[in-house]
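For reference, entry.pdb (PDB, C-alpha atoms):
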ATOM      1  CA  ASN A   1      -1.068 123.132  34.162  1.00  0.00           C
ATOM      2  CA  SER A   2      -3.206 121.997  31.229  1.00  0.00           C
ATOM      3  CA  ASN A   3      -4.554 118.957  33.079  1.00  0.00           C
ATOM      4  CA  HIS A   4      -7.986 120.394  33.837  1.00  0.00           C
ATOM      5  CA  SER A   5     -11.633 119.901  32.910  1.00  0.00           C
ATOM      6  CA  TYR A   6     -12.274 123.300  31.324  1.00  0.00           C
ATOM      7  CA  PRO A   7     -13.070 123.537  27.590  1.00  0.00           C
ATOM      8  CA  LEU A   8     -10.157 124.022  25.194  1.00  0.00           C
ATOM      9  CA  TYR A   9     -10.157 126.113  22.036  1.00  0.00           C
ATOM     10  CA  PRO A  10      -8.546 125.562  18.611  1.00  0.00           C
ATOM     11  CA  ASN A  11      -5.340 127.238  17.532  1.00  0.00           C
ATOM     12  CA  ARG A  12      -6.349 130.123  15.256  1.00  0.00           C
ATOM     13  CA  LEU A  13      -2.778 131.225  14.541  1.00  0.00           C
ATOM     14  CA  LEU A  14      -1.617 128.504  12.177  1.00  0.00           C
ATOM     15  CA  ASP A  15      -2.277 130.537   9.021  1.00  0.00           C
ATOM     16  CA  LEU A  16      -2.529 134.018  10.523  1.00  0.00           C
ATOM     17  CA  THR A  17      -0.041 136.857  10.183  1.00  0.00           C
ATOM     18  CA  PRO A  18      -1.344 140.020  11.866  1.00  0.00           C
ATOM     19  CA  SER A  19      -1.243 143.192   9.794  1.00  0.00           C
ATOM     20  CA  ALA A  20      -2.558 145.731  12.302  1.00  0.00           C
ATOM     21  CA  LEU A  21      -2.713 146.575  15.975  1.00  0.00           C
ATOM     22  CA  ASN A  22      -5.364 144.856  18.095  1.00  0.00           C
ATOM     23  CA  GLN A  23      -5.813 141.942  15.726  1.00  0.00           C
ATOM     24  CA  LEU A  24      -3.965 139.399  17.845  1.00  0.00           C
ATOM     25  CA  TRP A  25      -2.942 139.403  21.496  1.00  0.00           C
ATOM     26  CA  VAL A  26      -0.690 136.705  22.923  1.00  0.00           C
ATOM     27  CA  ALA A  27      -0.504 135.822  26.610  1.00  0.00           C
ATOM     28  CA  ASP A  28       1.915 133.868  28.767  1.00  0.00           C
ATOM     29  CA  ILE A  29       3.052 133.321  32.359  1.00  0.00           C
ATOM     30  CA  THR A  30       6.536 132.767  33.740  1.00  0.00           C
ATOM     31  CA  TYR A  31       8.193 132.461  37.124  1.00  0.00           C
ATOM     32  CA  ILE A  32      10.912 134.610  38.644  1.00  0.00           C
ATOM     33  CA  ARG A  33      13.069 133.055  41.337  1.00  0.00           C
ATOM     34  CA  ILE A  34      13.891 135.099  44.415  1.00  0.00           C
ATOM     35  CA  LEU A  35      15.855 134.007  47.482  1.00  0.00           C
ATOM     36  CA  THR A  36      13.167 132.048  49.278  1.00  0.00           C
ATOM     37  CA  ALA A  37      10.310 131.656  46.805  1.00  0.00           C
ATOM     38  CA  PHE A  38       8.980 132.429  43.335  1.00  0.00           C
ATOM     39  CA  VAL A  39       7.116 135.405  41.915  1.00  0.00           C
ATOM     40  CA  TYR A  40       4.925 134.906  38.871  1.00  0.00           C
ATOM     41  CA  LEU A  41       4.522 137.276  35.936  1.00  0.00           C
ATOM     42  CA  ALA A  42       1.607 137.253  33.474  1.00  0.00           C
ATOM     43  CA  VAL A  43       2.017 139.293  30.287  1.00  0.00           C
ATOM     44  CA  ILE A  44      -0.087 140.145  27.244  1.00  0.00           C
ATOM     45  CA  LEU A  45       1.568 141.387  24.046  1.00  0.00           C
ATOM     46  CA  ASP A  46       0.129 142.864  20.885  1.00  0.00           C
ATOM     47  CA  ARG A  47       1.493 140.368  18.380  1.00  0.00           C
ATOM     48  CA  PHE A  48       1.787 142.931  15.577  1.00  0.00           C
ATOM     49  CA  SER A  49       3.927 145.443  17.478  1.00  0.00           C
ATOM     50  CA  ARG A  50       5.390 143.144  20.167  1.00  0.00           C
ATOM     51  CA  LYS A  51       4.385 145.757  22.735  1.00  0.00           C
ATOM     52  CA  ALA A  52       3.635 144.578  26.273  1.00  0.00           C
ATOM     53  CA  ILE A  53       0.140 145.987  26.823  1.00  0.00           C
ATOM     54  CA  GLY A  54      -0.816 144.224  30.052  1.00  0.00           C
ATOM     55  CA  TYR A  55       1.086 142.560  32.876  1.00  0.00           C
ATOM     56  CA  ALA A  56       0.688 141.515  36.496  1.00  0.00           C
ATOM     57  CA  LEU A  57       2.851 140.132  39.302  1.00  0.00           C
ATOM     58  CA  SER A  58       1.821 137.776  42.096  1.00  0.00           C
ATOM     59  CA  ARG A  59       3.155 135.201  44.509  1.00  0.00           C
ATOM     60  CA  HIS A  60       0.411 132.889  43.221  1.00  0.00           C
ATOM     61  CA  ILE A  61       0.112 131.379  39.753  1.00  0.00           C
ATOM     62  CA  ASP A  62      -3.661 131.464  39.447  1.00  0.00           C
ATOM     63  CA  THR A  63      -6.487 132.866  37.349  1.00  0.00           C
ATOM     64  CA  ALA A  64      -6.467 136.122  39.322  1.00  0.00           C
ATOM     65  CA  LEU A  65      -2.928 136.752  38.028  1.00  0.00           C
ATOM     66  CA  SER A  66      -3.758 136.205  34.360  1.00  0.00           C
ATOM     67  CA  LEU A  67      -7.028 138.125  34.712  1.00  0.00           C
ATOM     68  CA  GLN A  68      -5.248 141.158  36.180  1.00  0.00           C
ATOM     69  CA  ALA A  69      -2.930 141.314  33.152  1.00  0.00           C
ATOM     70  CA  LEU A  70      -5.912 140.970  30.803  1.00  0.00           C
ATOM     71  CA  GLU A  71      -7.831 143.736  32.559  1.00  0.00           C
ATOM     72  CA  MET A  72      -4.819 146.055  32.262  1.00  0.00           C
ATOM     73  CA  ALA A  73      -4.556 145.326  28.530  1.00  0.00           C
ATOM     74  CA  ILE A  74      -8.269 145.949  27.994  1.00  0.00           C
ATOM     75  CA  GLU A  75      -8.156 149.233  29.900  1.00  0.00           C
ATOM     76  CA  THR A  76      -5.049 150.341  28.014  1.00  0.00           C
ATOM     77  CA  ARG A  77      -6.203 149.418  24.513  1.00  0.00           C
ATOM     78  CA  GLN A  78     -10.014 149.524  24.556  1.00  0.00           C
ATOM     79  CA  PRO A  79      -9.978 146.724  21.952  1.00  0.00           C
ATOM     80  CA  PRO A  80     -12.597 146.310  19.234  1.00  0.00           C
ATOM     81  CA  VAL A  81     -14.733 143.196  19.026  1.00  0.00           C
ATOM     82  CA  GLY A  82     -13.006 140.292  17.296  1.00  0.00           C
ATOM     83  CA  VAL A  83      -9.446 140.493  18.662  1.00  0.00           C
ATOM     84  CA  ILE A  84      -7.885 137.024  18.816  1.00  0.00           C
ATOM     85  CA  HIS A  85      -6.561 136.177  22.280  1.00  0.00           C
ATOM     86  CA  HIS A  86      -3.966 133.412  22.099  1.00  0.00           C
ATOM     87  CA  SER A  87      -2.443 131.519  25.019  1.00  0.00           C
ATOM     88  CA  ASP A  88      -1.364 128.055  26.044  1.00  0.00           C
ATOM     89  CA  ARG A  89      -3.860 125.574  27.478  1.00  0.00           C
ATOM     90  CA  GLY A  90      -3.097 126.384  31.104  1.00  0.00           C
ATOM     91  CA  VAL A  91      -5.882 126.460  33.637  1.00  0.00           C
ATOM     92  CA  GLN A  92      -5.236 130.173  34.226  1.00  0.00           C
ATOM     93  CA  TYR A  93      -6.471 130.893  30.677  1.00  0.00           C
ATOM     94  CA  ALA A  94      -9.180 128.232  30.442  1.00  0.00           C
ATOM     95  CA  ALA A  95     -10.899 128.980  33.769  1.00  0.00           C
ATOM     96  CA  ASP A  96     -14.468 130.269  33.726  1.00  0.00           C
ATOM     97  CA  ASP A  97     -13.660 133.775  35.016  1.00  0.00           C
ATOM     98  CA  TYR A  98     -11.021 134.343  32.356  1.00  0.00           C
ATOM     99  CA  VAL A  99     -13.028 132.944  29.454  1.00  0.00           C
ATOM    100  CA  GLU A 100     -16.142 134.843  30.513  1.00  0.00           C
ATOM    101  CA  THR A 101     -14.164 138.091  30.514  1.00  0.00           C
ATOM    102  CA  LEU A 102     -12.831 137.360  27.037  1.00  0.00           C
ATOM    103  CA  GLN A 103     -16.313 136.593  25.762  1.00  0.00           C
ATOM    104  CA  ALA A 104     -17.794 139.689  27.399  1.00  0.00           C
ATOM    105  CA  TYR A 105     -15.395 141.863  25.378  1.00  0.00           C
ATOM    106  CA  GLY A 106     -15.897 139.947  22.136  1.00  0.00           C
ATOM    107  CA  PHE A 107     -12.515 138.212  21.893  1.00  0.00           C
ATOM    108  CA  GLU A 108     -11.948 135.195  19.688  1.00  0.00           C
ATOM    109  CA  ILE A 109     -10.228 132.575  21.851  1.00  0.00           C
ATOM    110  CA  SER A 110      -7.226 130.643  20.557  1.00  0.00           C
ATOM    111  CA  MET A 111      -5.023 128.138  22.367  1.00  0.00           C
ATOM    112  CA  ALA A 112      -1.724 126.506  21.446  1.00  0.00           C
ATOM    113  CA  ARG A 113      -1.521 122.862  20.597  1.00  0.00           C
ATOM    114  CA  LYS A 114      -0.574 120.588  23.457  1.00  0.00           C
ATOM    115  CA  GLY A 115       3.134 120.675  24.260  1.00  0.00           C
ATOM    116  CA  ASN A 116       4.047 122.951  21.345  1.00  0.00           C
ATOM    117  CA  PRO A 117       5.921 126.099  22.511  1.00  0.00           C
ATOM    118  CA  TYR A 118       6.320 127.284  18.897  1.00  0.00           C
ATOM    119  CA  ASP A 119       2.586 128.054  18.840  1.00  0.00           C
ATOM    120  CA  ASN A 120       3.245 130.982  21.181  1.00  0.00           C
ATOM    121  CA  ALA A 121       6.768 131.849  20.085  1.00  0.00           C
ATOM    122  CA  VAL A 122       6.506 135.646  20.392  1.00  0.00           C
ATOM    123  CA  ALA A 123       5.365 135.448  24.013  1.00  0.00           C
ATOM    124  CA  GLU A 124       8.058 132.868  24.760  1.00  0.00           C
ATOM    125  CA  SER A 125      10.649 135.156  23.168  1.00  0.00           C
ATOM    126  CA  PHE A 126       9.512 138.066  25.328  1.00  0.00           C
ATOM    127  CA  MET A 127       9.951 135.981  28.478  1.00  0.00           C
ATOM    128  CA  LYS A 128      13.453 134.964  27.394  1.00  0.00           C
ATOM    129  CA  THR A 129      14.377 138.594  26.710  1.00  0.00           C
ATOM    130  CA  LEU A 130      13.021 139.715  30.062  1.00  0.00           C
ATOM    131  CA  LYS A 131      15.012 137.112  31.948  1.00  0.00           C
ATOM    132  CA  THR A 132      18.322 137.423  30.110  1.00  0.00           C
ATOM    133  CA  GLU A 133      18.348 141.221  29.857  1.00  0.00           C
ATOM    134  CA  GLU A 134      16.828 142.058  33.237  1.00  0.00           C
ATOM    135  CA  VAL A 135      16.120 139.317  35.781  1.00  0.00           C
ATOM    136  CA  TYR A 136      19.414 137.416  35.580  1.00  0.00           C
ATOM    137  CA  LEU A 137      21.468 140.625  35.524  1.00  0.00           C
ATOM    138  CA  TRP A 138      19.888 142.129  38.634  1.00  0.00           C
ATOM    139  CA  GLU A 139      19.657 138.914  40.677  1.00  0.00           C
ATOM    140  CA  TYR A 140      16.381 139.746  42.364  1.00  0.00           C
ATOM    141  CA  ARG A 141      16.280 138.779  46.025  1.00  0.00           C
ATOM    142  CA  THR A 142      12.914 139.978  47.323  1.00  0.00           C
ATOM    143  CA  VAL A 143       9.375 140.505  46.074  1.00  0.00           C
ATOM    144  CA  GLU A 144       9.996 144.239  46.388  1.00  0.00           C
ATOM    145  CA  ASP A 145      12.964 143.936  44.011  1.00  0.00           C
ATOM    146  CA  VAL A 146      10.683 142.389  41.406  1.00  0.00           C
ATOM    147  CA  GLN A 147       7.897 144.900  41.951  1.00  0.00           C
ATOM    148  CA  ASN A 148      10.302 147.818  41.633  1.00  0.00           C
ATOM    149  CA  ARG A 149      12.355 146.675  38.667  1.00  0.00           C
ATOM    150  CA  LEU A 150      10.101 144.686  36.330  1.00  0.00           C
ATOM    151  CA  PRO A 151       7.529 147.397  35.508  1.00  0.00           C
ATOM    152  CA  TYR A 152      10.397 149.773  34.722  1.00  0.00           C
ATOM    153  CA  PHE A 153      12.012 147.261  32.383  1.00  0.00           C
ATOM    154  CA  ILE A 154       8.753 146.466  30.602  1.00  0.00           C
ATOM    155  CA  GLU A 155       7.565 150.051  30.191  1.00  0.00           C
ATOM    156  CA  GLN A 156      10.754 152.041  29.798  1.00  0.00           C
ATOM    157  CA  VAL A 157      13.249 149.593  28.321  1.00  0.00           C
ATOM    158  CA  TYR A 158      11.388 146.887  26.418  1.00  0.00           C
ATOM    159  CA  ASN A 159       8.488 148.965  25.087  1.00  0.00           C
ATOM    160  CA  ARG A 160      10.369 152.219  24.499  1.00  0.00           C
ATOM    161  CA  LYS A 161      14.034 151.441  23.806  1.00  0.00           C
ATOM    162  CA  ARG A 162      14.681 147.833  22.866  1.00  0.00           C
ATOM    163  CA  LEU A 163      15.041 147.396  19.102  1.00  0.00           C
ATOM    164  CA  HIS A 164      13.342 144.537  17.240  1.00  0.00           C
ATOM    165  CA  SER A 165      14.537 143.325  13.870  1.00  0.00           C
ATOM    166  CA  ALA A 166      10.966 142.297  13.001  1.00  0.00           C
ATOM    167  CA  LEU A 167       9.888 145.924  13.518  1.00  0.00           C
ATOM    168  CA  GLY A 168      12.551 147.439  11.268  1.00  0.00           C
ATOM    169  CA  TYR A 169      14.902 147.827  14.235  1.00  0.00           C
ATOM    170  CA  ARG A 170      12.510 150.027  16.166  1.00  0.00           C
ATOM    171  CA  PRO A 171      11.112 149.615  19.683  1.00  0.00           C
ATOM    172  CA  PRO A 172       7.424 148.694  19.971  1.00  0.00           C
ATOM    173  CA  GLU A 173       6.286 152.145  21.131  1.00  0.00           C
ATOM    174  CA  GLU A 174       7.911 153.899  18.195  1.00  0.00           C
ATOM    175  CA  PHE A 175       6.695 151.258  15.750  1.00  0.00           C
ATOM    176  CA  GLU A 176       3.105 151.788  16.929  1.00  0.00           C
ATOM    177  CA  THR A 177       3.441 155.578  16.647  1.00  0.00           C
ATOM    178  CA  LEU A 178       4.728 155.362  13.072  1.00  0.00           C
ATOM    179  CA  TRP A 179       2.173 152.751  12.043  1.00  0.00           C
ATOM    180  CA  THR A 180      -0.748 154.731  13.487  1.00  0.00           C
ATOM    181  CA  ALA A 181       0.423 157.908  11.766  1.00  0.00           C
ATOM    182  CA  ALA A 182       0.674 156.040   8.461  1.00  0.00           C
ATOM    183  CA  GLN A 183      -2.889 154.732   8.839  1.00  0.00           C
ATOM    184  CA  ASN A 184      -4.096 158.287   9.418  1.00  0.00           C
ATOM    185  CA  HIS A 185      -1.929 159.591   6.541  1.00  0.00           C
ATOM    186  CA  GLN A 186      -0.297 162.026   8.912  1.00  0.00           C
ATOM    187  CA  PRO A 187       3.340 162.487   9.867  1.00  0.00           C
ATOM    188  CA  PRO A 188       4.028 161.768  13.549  1.00  0.00           C
ATOM    189  CA  ARG A 189       4.112 164.857  15.720  1.00  0.00           C
ATOM    190  CA  ARG A 190       7.518 166.247  16.601  1.00  0.00           C
ATOM    191  CA  GLY A 191       8.778 164.927  19.894  1.00  0.00           C
ATOM    192  CA  THR A 192       6.522 161.857  19.958  1.00  0.00           C
ATOM    193  CA  LEU A 193       9.118 159.340  18.849  1.00  0.00           C
ATOM    194  CA  THR A 194      11.254 157.807  21.547  1.00  0.00           C
ATOM    195  CA  GLN A 195      15.004 157.629  21.474  1.00  0.00           C
ATOM    196  CA  THR A 196      16.061 154.235  20.150  1.00  0.00           C
ATOM    197  CA  VAL A 197      18.892 152.618  22.056  1.00  0.00           C
ATOM    198  CA  GLN A 198      19.784 149.019  21.320  1.00  0.00           C
ATOM    199  CA  THR A 199      20.052 146.945  24.484  1.00  0.00           C
TER     200      THR A 199
END
As C-alpha cells - that is how I would like this structure written.
Amino acid sequence: NSNHSYPLYPNRLLDLTPSALNQLWVADITYIRILTAFVYLAVILDRFSRKAIGYALSRHIDTALSLQALEMAIETRQPPVGVIHHSDRGVQYAADDYVETLQAYGFEISMARKGNPYDNAVAESFMKTLKTEEVYLWEYRTVEDVQNRLPYFIEQVYNRKRLHSALGYRPPEEFETLWTAAQNHQPPRRGTLTQTVQT
C-alpha cells in the first residue's frame, strides 16, 4: 500500500549497476496462500550477488515484518555506511521505524517509481522463483509448513545451489566466495565452494 502520508524517496537505481557486495540491497514483500489464510514474506537481497541476506515471515503485512528482515540482513552483513536500500513505495518501507533504522546505519534510501515493477526487477524475480520452484510445488497448507520449508529453500537451495546466468551460472553463495577471494587476491580455500546443482 503506497497510499500513505510518509515521505517518499527518489529512485537511485536508474543509472546504477552494482560492482561489489554491499553496494545495493533490494527489498520486497510477497504473500503465500495457505488453506485458510495468507502468510507474508519479506526479503532483502544483495543486488550484486542475488543472495538473500535477510528474510522474515509473519501473518501480518506490517512494518514489523519488513523491519525483521532488515535487522537480519544488518546482523548478517554488518554493512558499511552508504549502502543503497531500494524498495517499492509501500508503507512497510516508508514508515518512521523502518526509515529511522536505515538512517541510523547510514543507508541511502531509494524507492521505485509509482506502479513500475521493473524498478525492482531482481527482487520481483526472486519472488517468482521462490513461488514456482518451492511454494507451488509443495502446496503449503499451514503456517508451520511455511515456517519449516521456506527458510530451507532460501538458505540451502536458492543461496547455495540454484544457478544464475547473471552470475556465470553459479549460485549466490559460491559467487560471493569467488568474488571475495578475487578482491583479496587469494584463491578460495579448499572445501569452501558449494556443490552447484541446477534446479
Residue nearest A:Arg59 - candidates A:Val143, A:Val26, A:Val122, A:Val135, atoms counted: all atoms listed in the file: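 Of A:Val143, A:Val26, A:Val122, A:Val135, the one nearest A:Arg59 is A:Val143, counting all atoms listed in the file.
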Counting all atoms listed in the file, the residue of A:Asp28, A:Glu155, A:Glu144, A:Glu108 that sits nearest A:Glu124: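 Of the candidates, the smallest distance to A:Glu124 is held by A:Asp28.
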Taking 4 positions as the minimum chain separation for residues in the same chain, which residues sit within 12 Å of A:Tyr158 when counting all atoms listed in the file? Answer as a short mmCIF file (atom, residue, chain, number, x, y, z; two decimals) with C-alpha atoms, in the coordinates of the input.
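Saved file part-v6.cif follows:
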data_model
loop_
_atom_site.label_atom_id
_atom_site.label_comp_id
_atom_site.auth_asym_id
_atom_site.auth_seq_id
_atom_site.Cartn_x
_atom_site.Cartn_y
_atom_site.Cartn_z
CA LEU A 45 1.57 141.39 24.05
CA SER A 49 3.93 145.44 17.48
CA ARG A 50 5.39 143.14 20.17
CA LYS A 51 4.38 145.76 22.74
CA ALA A 52 3.64 144.58 26.27
CA ILE A 53 0.14 145.99 26.82
CA PHE A 126 9.51 138.07 25.33
CA MET A 127 9.95 135.98 28.48
CA THR A 129 14.38 138.59 26.71
CA LEU A 130 13.02 139.72 30.06
CA LYS A 131 15.01 137.11 31.95
CA GLU A 133 18.35 141.22 29.86
CA GLU A 134 16.83 142.06 33.24
CA LEU A 150 10.10 144.69 36.33
CA PRO A 151 7.53 147.40 35.51
CA TYR A 152 10.40 149.77 34.72
CA PHE A 153 12.01 147.26 32.38
CA ILE A 154 8.75 146.47 30.60
CA ARG A 162 14.68 147.83 22.87
CA LEU A 163 15.04 147.40 19.10
CA HIS A 164 13.34 144.54 17.24
CA ARG A 170 12.51 150.03 16.17
CA PRO A 171 11.11 149.62 19.68
CA PRO A 172 7.42 148.69 19.97
CA GLU A 173 6.29 152.15 21.13
CA GLU A 174 7.91 153.90 18.20
CA THR A 194 11.25 157.81 21.55
CA THR A 196 16.06 154.24 20.15
CA VAL A 197 18.89 152.62 22.06
CA GLN A 198 19.78 149.02 21.32
CA THR A 199 20.05 146.94 24.48
#
Nearest-residue call for A:Ser5, choices A:Ala121, A:Ala56, A:Ala95, A:Ile34, using all atoms listed in the file: A:Ala95
Could you build a table of the residues in stretch 76-143 of chain A lying no more than 8 Å from stretch 13-21 of chain A, giving for each the nearest pair of atoms and their separation in Å rounded to one decimal place, using all atoms listed in the file, ordered by chain and ascending residue number, as a Markdown table?
| residue | atom | partner | partner_atom | distance |
| --- | --- | --- | --- | --- |
| A:His86 | CA | A:Leu13 | CA | 8.0 |
| A:Ser110 | CA | A:Leu13 | CA | 7.5 |
| A:Asp119 | CA | A:Leu13 | CA | 7.6 |
Target residues per the PyMOL selection byres ((chain A and resi 73) around 10), formatted as JSON, numbers by chain: {"A": [25, 43, 44, 45, 46, 52, 53, 54, 55, 67, 68, 69, 70, 71, 72, 74, 75, 76, 77, 78, 79]}
Explicit residue set for the PyMOL selection byres ((chain A and resi 24) around 6), as a ChimeraX atom specification: /A:22-23,25,47,83-84
Residues at most 12 Å from A:Ala112, counting only C-alpha atoms, excluding those fewer than 6 positions away in the same chain, as a compact mmCIF listing (two decimals) with C-alpha atoms, in the coordinates of the input?
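Written out: out-v9.txt:
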# COMPACT_ATOMS: atom_id res chain seq x y z
CA SER A 2 -3.21 122.00 31.23
CA LEU A 8 -10.16 124.02 25.19
CA TYR A 9 -10.16 126.11 22.04
CA PRO A 10 -8.55 125.56 18.61
CA ASN A 11 -5.34 127.24 17.53
CA ARG A 12 -6.35 130.12 15.26
CA LEU A 13 -2.78 131.22 14.54
CA LEU A 14 -1.62 128.50 12.18
CA VAL A 26 -0.69 136.71 22.92
CA ALA A 27 -0.50 135.82 26.61
CA ASP A 28 1.92 133.87 28.77
CA HIS A 85 -6.56 136.18 22.28
CA HIS A 86 -3.97 133.41 22.10
CA SER A 87 -2.44 131.52 25.02
CA ASP A 88 -1.36 128.06 26.04
CA ARG A 89 -3.86 125.57 27.48
CA GLY A 90 -3.10 126.38 31.10
CA TYR A 93 -6.47 130.89 30.68
CA ALA A 94 -9.18 128.23 30.44
CA TYR A 118 6.32 127.28 18.90
CA ASP A 119 2.59 128.05 18.84
CA ASN A 120 3.24 130.98 21.18
CA ALA A 121 6.77 131.85 20.08
CA ALA A 123 5.36 135.45 24.01
Length of the atom CA of A:Gln147 to atom CA of A:Leu57 vector [Å]: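 That distance, rounded to one decimal, is 7.4 Å.
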Explicit residue set for the PyMOL selection byres ((chain A and resi 62) around 10), as a ChimeraX atom specification: /A:29,40,42,58-61,63-67,90-93,95
Coordinates-based distance that separates atom CA of A:Phe38 from atom CA of A:Thr142 (Å, one decimal):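 Those two atoms sit 9.4 Å apart.
Across A:Asp145, A:Gln156, A:Glu139, A:Phe48, the tightest approach to A:Phe175 is made by A:Phe48 when counting all atoms listed in the file.
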Atomic distance atom CA of A:Arg33 - atom CA of A:Val157, expressed in Å with one decimal: 21.0 Å
